[in-house]
>>> print(open('query.csv').read())   # CSV, C-alpha atoms
chain,number,residue,atom,x,y,z
A,11,MET,CA,17.5,-28.3,23.9
A,12,GLU,CA,18.8,-24.8,24.7
A,13,GLU,CA,21.8,-25.4,22.5
A,14,ILE,CA,19.6,-26.3,19.6
A,15,ALA,CA,17.7,-23.0,20.0
A,16,LEU,CA,21.0,-21.0,20.2
A,17,ALA,CA,22.8,-22.8,17.4
A,18,PRO,CA,23.3,-20.6,14.3
A,19,LYS,CA,21.8,-21.9,11.0
A,20,LEU,CA,23.6,-19.3,8.8
A,21,ALA,CA,27.2,-18.3,8.7
A,22,TRP,CA,28.9,-15.4,6.9
A,23,LEU,CA,32.7,-15.1,6.8
A,24,THR,CA,33.8,-11.6,5.8
A,25,VAL,CA,37.1,-12.7,4.4
A,26,ASN,CA,38.4,-9.3,3.3
A,27,HIS,CA,37.6,-5.7,3.0
A,28,ARG,CA,39.4,-5.2,-0.3
A,29,CYS,CA,37.2,-4.7,-3.4
A,30,ASN,CA,37.7,-3.9,-7.0
A,31,LEU,CA,34.8,-1.4,-6.9
A,32,ASN,CA,34.2,1.6,-4.7
A,33,CYS,CA,30.4,1.7,-4.3
A,34,LYS,CA,29.1,4.9,-2.8
A,35,TRP,CA,26.5,3.1,-0.6
A,36,CYS,CA,28.7,0.2,0.6
A,37,TYR,CA,28.3,-0.6,4.2
A,38,GLN,CA,32.1,-1.3,4.3
A,39,LYS,CA,32.9,2.3,3.4
A,40,GLY,CA,33.5,3.1,7.1
A,41,VAL,CA,36.3,0.5,7.3
A,42,ASP,CA,39.6,2.2,7.8
A,43,ASN,CA,41.9,-0.6,6.6
A,44,ARG,CA,40.6,-1.8,3.3
A,45,LYS,CA,43.6,-4.1,2.9
A,46,LYS,CA,42.6,-6.2,5.9
A,47,VAL,CA,42.1,-9.9,5.1
A,48,MET,CA,41.2,-13.0,7.2
A,49,SER,CA,44.2,-15.2,7.8
A,50,LYS,CA,44.2,-18.7,6.6
A,51,GLU,CA,44.5,-20.0,10.1
A,52,LEU,CA,41.5,-18.1,11.4
A,53,ALA,CA,39.5,-19.1,8.4
A,54,ARG,CA,40.2,-22.8,8.9
A,55,LYS,CA,39.5,-22.6,12.6
A,56,SER,CA,36.3,-20.8,11.9
A,57,ILE,CA,35.2,-23.5,9.5
A,58,ASP,CA,36.1,-26.2,12.1
A,59,LEU,CA,33.8,-24.4,14.6
A,60,LEU,CA,31.0,-24.0,12.1
A,61,THR,CA,31.2,-27.7,11.2
A,62,ASP,CA,30.9,-28.6,14.9
A,63,LEU,CA,27.9,-26.4,15.2
A,64,GLY,CA,26.2,-28.4,12.4
A,65,LEU,CA,26.0,-25.7,9.7
A,66,LYS,CA,25.4,-26.8,6.2
A,67,TYR,CA,26.3,-23.6,4.3
A,68,VAL,CA,29.0,-21.0,4.7
A,69,ILE,CA,28.6,-17.7,2.9
A,70,LEU,CA,31.8,-15.9,1.9
A,71,ILE,CA,31.4,-12.2,1.7
A,72,GLY,CA,33.7,-9.1,1.7
A,73,GLY,CA,34.8,-6.7,0.3
A,74,GLU,CA,35.0,-8.8,-2.7
A,75,PRO,CA,35.7,-12.4,-1.5
A,76,THR,CA,36.8,-13.7,-4.8
A,77,LEU,CA,39.9,-11.5,-4.6
A,78,TRP,CA,41.0,-13.1,-1.3
A,79,HIS,CA,44.2,-15.1,-1.7
A,80,TYR,CA,42.8,-18.1,0.1
A,81,TYR,CA,39.4,-18.2,-1.7
A,82,PHE,CA,39.8,-21.4,-3.7
A,83,ASN,CA,41.6,-23.3,-0.9
A,84,LEU,CA,39.0,-22.5,1.7
A,85,MET,CA,36.2,-23.7,-0.6
A,86,THR,CA,38.0,-27.0,-0.8
A,87,TYR,CA,38.4,-27.1,2.9
A,88,ILE,CA,34.7,-26.4,3.4
A,89,LYS,CA,33.8,-29.1,0.9
A,90,ASP,CA,36.0,-31.6,2.7
A,91,LYS,CA,34.1,-30.8,5.9
A,92,GLY,CA,30.8,-31.7,4.2
A,93,MET,CA,29.5,-28.2,3.9
A,94,LYS,CA,28.5,-26.1,0.9
A,95,THR,CA,29.9,-22.7,-0.1
A,96,ALA,CA,27.9,-19.7,-1.2
A,97,VAL,CA,29.5,-16.4,-2.2
A,98,VAL,CA,28.3,-12.8,-2.4
A,99,THR,CA,30.2,-11.2,-5.2
A,100,ASN,CA,30.2,-8.4,-7.7
A,101,GLY,CA,30.8,-10.9,-10.4
A,102,LEU,CA,33.8,-9.2,-12.1
A,103,THR,CA,36.2,-12.1,-11.5
A,104,SER,CA,33.7,-14.6,-12.8
A,105,ALA,CA,33.8,-13.0,-16.3
A,106,SER,CA,36.7,-15.3,-16.8
A,107,HIS,CA,35.4,-18.8,-17.7
A,108,LYS,CA,38.4,-20.4,-16.0
A,109,PHE,CA,37.8,-18.5,-12.8
A,110,ALA,CA,34.0,-19.3,-12.8
A,111,GLU,CA,34.7,-23.0,-13.5
A,112,LYS,CA,37.4,-23.3,-10.9
A,113,GLN,CA,35.0,-21.9,-8.2
A,114,ILE,CA,32.5,-24.6,-9.0
A,115,ARG,CA,35.2,-27.4,-9.1
A,116,ASN,CA,36.3,-26.2,-5.7
A,117,GLY,CA,32.8,-26.5,-4.2
A,118,LEU,CA,30.9,-23.3,-4.9
A,119,THR,CA,27.2,-24.1,-5.1
A,120,ASN,CA,25.3,-20.8,-4.8
A,121,ALA,CA,26.2,-17.2,-5.6
A,122,THR,CA,24.6,-13.9,-5.0
A,123,LEU,CA,25.8,-11.5,-7.5
A,124,SER,CA,25.3,-7.8,-6.7
A,125,ILE,CA,24.8,-5.7,-9.8
A,126,LYS,CA,25.5,-2.0,-9.1
A,127,GLY,CA,24.1,-0.2,-12.1
A,128,PHE,CA,22.3,-0.9,-15.3
A,129,SER,CA,24.3,1.1,-17.9
A,130,LYS,CA,28.0,2.1,-18.1
A,131,GLN,CA,27.1,5.5,-16.8
A,132,GLU,CA,25.1,4.3,-13.9
A,133,TYR,CA,27.8,1.8,-13.0
A,134,GLU,CA,30.4,4.5,-13.2
A,135,GLU,CA,28.3,6.8,-10.9
A,136,SER,CA,27.7,3.9,-8.4
A,137,THR,CA,31.1,2.2,-8.3
A,138,GLY,CA,33.6,4.6,-9.9
A,139,TYR,CA,34.3,2.0,-12.6
A,140,GLY,CA,31.9,2.4,-15.5
A,141,GLY,CA,34.0,0.1,-17.8
A,142,SER,CA,33.3,-2.8,-15.4
A,143,PHE,CA,29.6,-2.9,-16.3
A,144,ASP,CA,30.0,-5.2,-19.3
A,145,VAL,CA,32.5,-7.3,-17.2
A,146,ALA,CA,29.9,-7.7,-14.5
A,147,CYS,CA,27.2,-8.8,-17.0
A,148,CYS,CA,29.7,-11.3,-18.4
A,149,GLY,CA,30.4,-12.7,-15.0
A,150,MET,CA,26.7,-12.9,-14.3
A,151,GLU,CA,26.0,-14.8,-17.5
A,152,ASN,CA,28.9,-17.2,-16.8
A,153,LEU,CA,27.6,-18.0,-13.3
A,154,HIS,CA,24.1,-18.4,-14.5
A,155,LYS,CA,25.2,-21.0,-17.0
A,156,LYS,CA,27.4,-22.9,-14.6
A,157,LEU,CA,25.8,-22.7,-11.1
A,158,ASP,CA,22.7,-24.5,-9.8
A,159,LYS,CA,21.6,-21.3,-8.1
A,160,LEU,CA,22.4,-17.7,-8.9
A,161,ILE,CA,20.7,-14.8,-7.2
A,162,VAL,CA,21.1,-11.5,-8.9
A,163,SER,CA,21.0,-8.9,-6.1
A,164,ILE,CA,19.9,-5.3,-6.8
A,165,THR,CA,20.1,-2.7,-4.1
A,166,ILE,CA,18.0,0.2,-5.1
A,167,THR,CA,19.5,3.6,-4.4
A,168,ASN,CA,18.2,7.0,-5.2
A,169,PRO,CA,20.2,7.3,-8.5
A,170,ILE,CA,18.8,3.9,-9.6
A,171,LEU,CA,15.3,4.8,-8.6
A,172,GLU,CA,15.5,8.0,-10.6
A,173,LYS,CA,16.5,6.1,-13.8
A,174,MET,CA,14.2,3.1,-13.1
A,175,ASP,CA,13.7,2.4,-16.8
A,176,ASN,CA,17.4,1.3,-17.0
A,177,MET,CA,16.8,-1.2,-14.3
A,178,LEU,CA,13.6,-2.5,-15.8
A,179,ASN,CA,15.2,-2.9,-19.2
A,180,PHE,CA,18.0,-4.9,-17.6
A,181,ILE,CA,15.6,-7.2,-15.7
A,182,GLU,CA,13.7,-7.7,-19.0
A,183,ARG,CA,16.9,-8.5,-20.8
A,184,TYR,CA,17.8,-11.1,-18.2
A,185,LYS,CA,14.3,-12.3,-17.5
A,186,GLN,CA,15.5,-15.9,-17.1
A,187,MET,CA,17.4,-14.9,-14.0
A,188,PHE,CA,16.2,-14.6,-10.4
A,189,PHE,CA,16.4,-11.1,-8.9
A,190,ALA,CA,16.5,-10.3,-5.2
A,191,ILE,CA,15.6,-6.6,-4.8
A,192,SER,CA,16.4,-4.7,-1.7
A,193,PHE,CA,16.8,-1.0,-0.8
A,194,GLU,CA,19.7,1.1,0.5
A,195,LYS,CA,20.0,1.1,4.3
A,196,PRO,CA,21.7,3.4,6.7
A,197,THR,CA,25.5,2.8,7.2
A,198,ILE,CA,27.2,2.8,10.6
A,199,LEU,CA,30.6,4.5,10.6
A,200,PRO,CA,33.3,3.3,13.0
A,201,ASN,CA,32.7,6.3,15.2
A,202,GLY,CA,29.0,5.3,15.6
A,203,LYS,CA,27.6,7.9,13.4
A,204,ILE,CA,24.9,6.8,11.1
A,205,VAL,CA,24.8,8.1,7.5
A,206,PHE,CA,22.0,7.7,5.0
A,207,ASP,CA,20.4,9.1,1.9
A,208,GLU,CA,17.3,10.7,3.3
A,209,ARG,CA,15.5,10.2,0.0
A,210,MET,CA,15.4,6.5,0.7
A,211,MET,CA,13.4,6.6,3.9
A,212,PRO,CA,10.5,4.2,4.2
A,213,GLU,CA,7.9,7.0,4.0
A,214,ARG,CA,9.0,7.8,0.4
A,215,LEU,CA,9.8,4.3,-0.7
A,216,ALA,CA,6.7,2.5,0.4
A,217,PRO,CA,4.3,4.3,-2.0
A,218,PHE,CA,6.8,3.9,-4.8
A,219,ILE,CA,7.0,0.2,-4.2
A,220,GLN,CA,3.3,-0.3,-3.9
A,221,LYS,CA,2.2,1.9,-6.7
A,222,THR,CA,5.0,1.6,-9.2
A,223,LEU,CA,7.8,-0.9,-8.7
A,224,TYR,CA,5.9,-4.0,-7.6
A,225,PRO,CA,3.1,-3.8,-10.1
A,226,THR,CA,5.5,-3.1,-13.0
A,227,LEU,CA,7.7,-6.1,-12.1
A,228,LYS,CA,4.7,-8.3,-11.8
A,229,LYS,CA,3.3,-7.1,-15.2
A,230,MET,CA,6.7,-7.8,-16.8
A,231,GLY,CA,6.6,-11.4,-15.4
A,232,ALA,CA,9.9,-10.8,-13.7
A,233,ASN,CA,11.3,-13.5,-11.5
A,234,PHE,CA,12.0,-11.7,-8.2
A,235,LYS,CA,11.6,-11.3,-4.5
A,236,MET,CA,11.6,-8.0,-2.7
A,237,GLU,CA,12.9,-7.2,0.7
A,238,VAL,CA,10.5,-4.8,2.5
A,239,LEU,CA,12.4,-4.2,5.7
A,240,MET,CA,10.3,-1.2,6.7
A,241,PRO,CA,7.4,-0.7,9.0
A,242,HIS,CA,4.3,-2.1,7.3
A,243,CYS,CA,2.2,0.9,8.4
A,244,HIS,CA,3.7,2.8,5.4
A,245,PHE,CA,1.8,0.5,3.1
A,246,GLU,CA,-1.9,0.3,2.4
A,247,ASN,CA,-3.8,-2.5,4.1
A,248,GLY,CA,-3.5,-5.8,2.3
A,249,PHE,CA,-0.5,-5.0,0.2
A,250,ILE,CA,2.1,-6.8,2.3
A,251,ASP,CA,-0.4,-9.8,2.6
A,252,MET,CA,-0.6,-9.9,-1.1
A,253,MET,CA,3.2,-9.9,-1.5
A,254,GLU,CA,3.5,-12.7,1.0
A,255,LYS,CA,0.8,-14.7,-0.7
A,256,ASP,CA,2.6,-14.2,-4.0
A,257,LYS,CA,5.8,-15.4,-2.3
A,258,SER,CA,7.3,-12.2,-3.6
A,259,THR,CA,9.0,-11.0,-0.4
A,260,PHE,CA,12.0,-12.1,1.6
A,261,CYS,CA,13.7,-11.0,4.8
A,262,GLY,CA,17.4,-11.4,5.2
A,263,CYS,CA,17.6,-9.6,8.5
A,264,VAL,CA,19.8,-11.5,10.9
A,265,LEU,CA,18.8,-9.3,13.8
A,266,GLN,CA,15.3,-10.6,13.4
A,267,ARG,CA,16.3,-14.1,12.8
A,268,VAL,CA,18.9,-14.3,15.6
A,269,ASN,CA,20.3,-17.5,14.1
A,270,ALA,CA,23.3,-16.4,12.2
A,271,ILE,CA,27.0,-15.9,13.0
A,272,ILE,CA,29.0,-13.3,11.1
A,273,LEU,CA,32.8,-13.1,11.5
A,274,ASP,CA,34.9,-10.2,10.2
A,275,PRO,CA,38.5,-10.6,9.0
A,276,ASP,CA,39.8,-10.4,12.6
A,277,GLY,CA,37.2,-12.9,13.9
A,278,TYR,CA,35.0,-10.2,15.5
A,279,VAL,CA,31.4,-11.4,15.7
A,280,LEU,CA,29.1,-8.8,14.0
A,281,PRO,CA,25.4,-8.7,14.8
A,282,CYS,CA,24.8,-7.7,11.2
A,283,ASN,CA,27.1,-6.9,8.3
A,284,HIS,CA,26.3,-3.2,8.7
A,285,PHE,CA,27.7,-3.1,12.3
A,286,VAL,CA,31.3,-2.7,11.0
A,287,LYS,CA,33.6,-2.1,14.0
A,288,HIS,CA,30.8,-2.7,16.5
A,289,PRO,CA,31.1,-6.3,17.4
A,290,LEU,CA,29.4,-8.5,19.9
A,291,GLY,CA,32.5,-10.5,20.7
A,292,GLN,CA,35.5,-12.2,19.1
A,293,PHE,CA,36.2,-15.7,17.9
A,294,GLY,CA,39.4,-16.9,19.5
A,295,VAL,CA,38.9,-14.7,22.5
A,296,ASP,CA,35.3,-15.2,23.7
A,297,PHE,CA,35.0,-18.7,22.2
A,298,THR,CA,36.8,-21.1,20.0
A,299,THR,CA,35.0,-24.4,20.5
A,300,LYS,CA,31.4,-25.4,20.2
A,301,GLU,CA,31.1,-25.7,24.0
A,302,GLU,CA,32.6,-22.2,24.5
A,303,TYR,CA,30.3,-20.8,21.9
A,304,PHE,CA,27.2,-22.0,23.7
A,305,LYS,CA,28.5,-20.5,27.0
A,306,TRP,CA,29.2,-17.2,25.3
A,307,ARG,CA,26.1,-16.9,23.2
A,308,PRO,CA,23.6,-16.1,26.1
A,309,THR,CA,25.9,-13.3,27.2
A,310,VAL,CA,24.7,-11.3,24.2
A,311,ASP,CA,21.0,-11.9,24.8
A,312,ALA,CA,20.7,-8.3,26.1
A,313,PHE,CA,21.6,-7.1,22.6
A,314,TYR,CA,19.0,-9.3,20.9
A,315,GLY,CA,16.6,-8.4,23.6
A,316,ILE,CA,16.5,-4.9,22.1
A,317,THR,CA,16.6,-5.9,18.4
A,318,LYS,CA,13.9,-8.5,18.7
A,319,ASN,CA,11.5,-6.3,20.6
A,320,SER,CA,9.2,-3.4,19.5
A,321,PRO,CA,11.0,-0.1,19.5
A,322,CYS,CA,7.9,1.9,20.6
A,323,GLU,CA,4.6,1.4,22.3
A,324,GLU,CA,2.7,1.9,19.0
A,325,CYS,CA,4.4,-1.2,17.6
A,326,ALA,CA,4.0,-3.2,20.7
A,327,ASN,CA,0.2,-2.7,20.6
A,328,CYS,CA,-0.1,-3.1,16.8
A,329,SER,CA,-2.0,-6.1,15.5
A,330,LYS,CA,0.5,-6.5,12.7
A,331,TRP,CA,3.6,-6.5,14.9
A,332,ASP,CA,4.2,-10.3,14.6
A,333,ARG,CA,4.6,-10.2,10.8
A,334,CYS,CA,6.0,-6.7,10.5
A,335,GLY,CA,8.7,-6.5,13.2
A,336,ALA,CA,9.1,-2.7,12.6
A,337,GLY,CA,11.6,-3.1,9.8
A,338,CYS,CA,15.4,-2.7,9.6
A,339,ARG,CA,16.9,-1.6,13.0
A,340,LEU,CA,19.3,0.6,11.2
A,341,PHE,CA,16.4,2.9,10.4
A,342,TRP,CA,15.6,3.0,14.2
A,343,LEU,CA,19.2,3.9,14.9
A,344,TYR,CA,19.0,6.7,12.3
A,345,LYS,CA,15.5,8.0,13.3
A,346,GLY,CA,13.2,7.6,16.2
A,347,SER,CA,9.7,6.2,16.4
A,348,LYS,CA,8.0,9.5,15.9
A,349,GLU,CA,9.4,9.7,12.4
A,350,LEU,CA,9.1,6.0,11.5
A,351,ILE,CA,5.7,4.9,12.7
A,352,LYS,CA,2.4,6.0,11.3
A,353,PRO,CA,-0.8,5.9,13.3
A,354,ILE,CA,-2.3,2.4,13.2
A,355,LYS,CA,-4.8,2.0,10.5
A,356,PRO,CA,-8.1,0.1,11.1
A,357,LEU,CA,-8.0,-3.4,9.7
B,13,MET,CA,28.8,-4.9,27.5
B,14,SER,CA,29.7,-5.4,23.8
B,15,GLU,CA,30.5,-2.5,21.5
B,16,ALA,CA,27.4,-3.4,19.5
B,17,GLN,CA,25.1,-3.2,22.5
B,18,MET,CA,26.6,0.1,23.6
B,19,LEU,CA,26.1,1.6,20.2
B,20,LEU,CA,22.6,0.2,20.0
B,21,GLU,CA,21.5,1.5,23.4
B,22,ASN,CA,23.1,4.9,22.9
B,23,LEU,CA,21.4,5.5,19.6
B,24,TYR,CA,18.1,4.1,20.7
B,25,ILE,CA,18.0,6.5,23.5
B,26,LEU,CA,19.2,9.4,21.4
B,27,ASN,CA,16.5,8.8,18.9
B,28,GLY,CA,13.8,8.4,21.6
B,29,ASN,CA,13.1,4.7,20.9
B,30,VAL,CA,12.0,2.6,23.8
B,31,ALA,CA,12.5,-1.1,23.6
B,32,THR,CA,9.7,-2.8,25.4
B,33,THR,CA,10.3,-5.8,27.8
B,34,PRO,CA,11.9,-8.7,26.0
B,35,HIS,CA,9.8,-11.8,25.6
B,36,THR,CA,11.4,-15.2,26.3
B,37,ASP,CA,10.1,-18.7,25.9
B,38,TYR,CA,10.1,-21.4,28.6
B,39,ILE,CA,13.8,-22.1,28.3
B,40,GLY,CA,14.7,-18.5,28.3
B,41,ILE,CA,15.3,-18.0,24.6
B,42,ILE,CA,14.4,-14.6,23.3
B,43,THR,CA,11.4,-14.6,21.1
B,44,GLY,CA,10.0,-11.9,18.8
B,45,PRO,CA,8.2,-11.3,15.6
B,46,THR,CA,8.7,-13.4,12.5
B,47,PRO,CA,8.5,-10.8,9.8
B,48,VAL,CA,7.1,-11.7,6.4
B,49,GLY,CA,9.7,-13.4,4.2
B,50,ILE,CA,11.8,-14.9,7.0
B,51,CYS,CA,12.3,-18.5,6.1
B,52,ASP,CA,13.7,-21.4,8.2
B,53,CYS,CA,16.0,-23.0,5.6
B,54,ASP,CA,19.6,-23.3,6.4
B,55,GLY,CA,21.7,-21.5,3.9
B,56,GLY,CA,22.4,-20.8,0.3
B,57,GLY,CA,22.5,-17.1,-0.4
B,58,GLU,CA,22.7,-13.6,0.9
B,59,CYS,CA,19.6,-14.2,2.9
B,60,CYS,CA,19.4,-18.0,3.0
B,61,GLY,CA,17.5,-19.1,-0.1
B,62,TYR,CA,14.7,-16.6,-0.1
B,63,ASN,CA,12.0,-18.7,1.4
B,64,THR,CA,12.7,-21.9,-0.4
B,65,PRO,CA,15.5,-24.3,0.6
B,66,PRO,CA,18.0,-24.6,-2.3
B,67,GLU,CA,17.4,-28.3,-2.9
B,68,THR,CA,13.8,-27.7,-3.8
B,69,ASP,CA,14.0,-24.3,-5.4
B,70,THR,CA,12.4,-24.5,-8.8
B,71,ILE,CA,13.3,-20.9,-9.7
>>> encode(input="query.csv", output="structure tokens")
Amino acid sequence: MEEIALAPKLAWLTVNHRCNLNCKWCYQKGVDNRKKVMSKELARKSIDLLTDLGLKYVILIGGEPTLWHYYFNLMTYIKDKGMKTAVVTNGLTSASHKFAEKQIRNGLTNATLSIKGFSKQEYEESTGYGGSFDVACCGMENLHKKLDKLIVSITITNPILEKMDNMLNFIERYKQMFFAISFEKPTILPNGKIVFDERMMPERLAPFIQKTLYPTLKKMGANFKMEVLMPHCHFENGFIDMMEKDKSTFCGCVLQRVNAIILDPDGYVLPCNHFVKHPLGQFGVDFTTKEEYFKWRPTVDAFYGITKNSPCEECANCSKWDRCGAGCRLFWLYKGSKELIKPIKPL
Amino acid sequence: MSEAQMLLENLYILNGNVATTPHTDYIGIITGPTPVGICDCDGGGECCGYNTPPETDTI
């Protein structure tokens, strides 16, 4: 029974750090060796373990995972093991019909395509490659036609926020697509320093989401879900409940779920993709088999004991704690409770 | 202690955060909040299908 509770339900393989873009806000920007790739042997052994653990999906992420030399072969291997492959991509490689089709032939079922800007200029400012904007759109259209499920992911940064009309026009143009909207989060550098654009703190974002972004998207009839990984006390009473009722919110936080396994190119187990170079353990060292995994997993309970619990007394005593969870822990690492928690409002 | 935990503890203390006593269930599994939007499906996207398992997603 304990094994069932500890078994991961989600798996990410970070197969490379290499990317054909250079996004300013990327959580991988702290990686010193961008050429690092997961070996074929490690990838196959990882899949063997994930199969034994009973996972149904494997999510390939990077860097840009479609640039990985073993991308197609691993998808076939995953398919042969009876699992499905999802990929998190910037979509550039899928602008080629042949590439897009080959992914699907090899077993790709779902994709999350991250779009980095909504005009050539914005794309240039965000990624350093403005000319790639049309290519990304082409890749997005290809995958939308060919895949059962495509999620278009938008991470809102301050430059995007300041030119919101560009984003809204883009969403209107691709209204038939499904958008997952999230917001920039702090980044952990290898030395443990946390960097972040202060303008994207919850206290500024929450009113913008509530008064402007959410109502506008609803009025447009956009097909979207929004990640509100910030303390709910920044929102007016009832707003989060309304979002939940509308099924307009999602939470992808693996520190809150505690049911995911994320492996980096060296097999290091990351608690969250943002914890680059700060692993919990290592595949092949701490565990290789299913039995070893279940022996190792409780040894990191102390870590999850912190992330699953309230970071301050105000949260611990708040009536909304169970459905709030105090937001992304990266904010807590960046700022303390005095800056992040507002006095509890009466219900 | 893992590098992740050291980082977490150091920064929590640095920023004045105080993690309260962890809650565990009867078999010792850590429990905690279930924030809005967390689903229990098993895969299919950057999150995991955004509340709806892929097989039944009508979006």
>>> interface_residues(input="query.csv", of="chain A", to="chain B", cutoff="7 Å", atoms="only C-alpha atoms", output="number ranges by chain")
A: 12, 19-20, 66-67, 69, 96, 98, 120-122, 188, 202, 254, 259-262, 288-291, 313, 315-316, 318-322, 331-335, 343, 345-347
>>> residues_around(input="query.csv", residues="region 192-199 of chain A", least_positions_apart="2", cutoff="6 Å", atoms="only C-alpha atoms", output="PyMOL selection string")
chain A and resi 37+40+165-167+201-206+236-237+340
>>> atom_distance(input="query.csv", atom1="CA of Val162 (chain A)", atom2="CA of Thr226 (chain A)")
18.2 Å
>>> atom_distance(input="query.csv", atom1="CA of Lys228 (chain A)", atom2="CA of Gly149 (chain A)")
26.3 Å
>>> residues_around(input="query.csv", residues="Arg307 (chain A)", least_positions_apart="6", cutoff="10 Å", atoms="only C-alpha atoms", output="PyMOL selection string")
chain A and resi 13+16-17+290-291+296-297
>>> atom_distance(input="query.csv", atom1="CA of Arg209 (chain A)", atom2="CA of Lys34 (chain A)")
14.9 Å
>>> build_atoms(input="query.csv", residues="region 90-104 of chain A", atoms="N, CA and C atoms", output="PDB file, in the coordinates of the input")
ATOM      1  N   ASP A  90      35.445 -30.396   1.961  1.00  0.00           N
ATOM      2  CA  ASP A  90      36.000 -31.600   2.700  1.00  0.00           C
ATOM      3  C   ASP A  90      35.295 -31.784   4.016  1.00  0.00           C
ATOM      4  N   LYS A  91      34.803 -30.686   4.579  1.00  0.00           N
ATOM      5  CA  LYS A  91      34.100 -30.800   5.900  1.00  0.00           C
ATOM      6  C   LYS A  91      32.647 -31.149   5.716  1.00  0.00           C
ATOM      7  N   GLY A  92      32.220 -31.293   4.468  1.00  0.00           N
ATOM      8  CA  GLY A  92      30.800 -31.700   4.200  1.00  0.00           C
ATOM      9  C   GLY A  92      29.847 -30.565   4.130  1.00  0.00           C
ATOM     10  N   MET A  93      30.374 -29.345   3.997  1.00  0.00           N
ATOM     11  CA  MET A  93      29.500 -28.200   3.900  1.00  0.00           C
ATOM     12  C   MET A  93      29.522 -27.629   2.468  1.00  0.00           C
ATOM     13  N   LYS A  94      28.577 -26.730   2.195  1.00  0.00           N
ATOM     14  CA  LYS A  94      28.500 -26.100   0.900  1.00  0.00           C
ATOM     15  C   LYS A  94      28.944 -24.613   1.017  1.00  0.00           C
ATOM     16  N   THR A  95      29.480 -24.085  -0.077  1.00  0.00           N
ATOM     17  CA  THR A  95      29.900 -22.700  -0.100  1.00  0.00           C
ATOM     18  C   THR A  95      29.002 -21.847  -0.957  1.00  0.00           C
ATOM     19  N   ALA A  96      28.592 -20.721  -0.428  1.00  0.00           N
ATOM     20  CA  ALA A  96      27.900 -19.700  -1.200  1.00  0.00           C
ATOM     21  C   ALA A  96      28.809 -18.457  -1.183  1.00  0.00           C
ATOM     22  N   VAL A  97      28.701 -17.619  -2.195  1.00  0.00           N
ATOM     23  CA  VAL A  97      29.500 -16.400  -2.200  1.00  0.00           C
ATOM     24  C   VAL A  97      28.651 -15.211  -2.570  1.00  0.00           C
ATOM     25  N   VAL A  98      28.970 -14.086  -1.981  1.00  0.00           N
ATOM     26  CA  VAL A  98      28.300 -12.800  -2.400  1.00  0.00           C
ATOM     27  C   VAL A  98      29.408 -12.027  -3.101  1.00  0.00           C
ATOM     28  N   THR A  99      29.181 -11.766  -4.374  1.00  0.00           N
ATOM     29  CA  THR A  99      30.200 -11.200  -5.200  1.00  0.00           C
ATOM     30  C   THR A  99      29.685 -10.140  -6.149  1.00  0.00           C
ATOM     31  N   ASN A 100      30.590  -9.307  -6.675  1.00  0.00           N
ATOM     32  CA  ASN A 100      30.200  -8.400  -7.700  1.00  0.00           C
ATOM     33  C   ASN A 100      30.269  -8.967  -9.098  1.00  0.00           C
ATOM     34  N   GLY A 101      30.809 -10.148  -9.195  1.00  0.00           N
ATOM     35  CA  GLY A 101      30.800 -10.900 -10.400  1.00  0.00           C
ATOM     36  C   GLY A 101      31.937 -10.617 -11.409  1.00  0.00           C
ATOM     37  N   LEU A 102      32.762  -9.626 -11.100  1.00  0.00           N
ATOM     38  CA  LEU A 102      33.800  -9.200 -12.100  1.00  0.00           C
ATOM     39  C   LEU A 102      34.776 -10.376 -12.347  1.00  0.00           C
ATOM     40  N   THR A 103      35.220 -11.059 -11.306  1.00  0.00           N
ATOM     41  CA  THR A 103      36.200 -12.100 -11.500  1.00  0.00           C
ATOM     42  C   THR A 103      35.611 -13.304 -12.283  1.00  0.00           C
ATOM     43  N   SER A 104      34.307 -13.485 -12.158  1.00  0.00           N
ATOM     44  CA  SER A 104      33.700 -14.600 -12.800  1.00  0.00           C
ATOM     45  C   SER A 104      33.462 -14.380 -14.325  1.00  0.00           C
TER      46      SER A 104
END
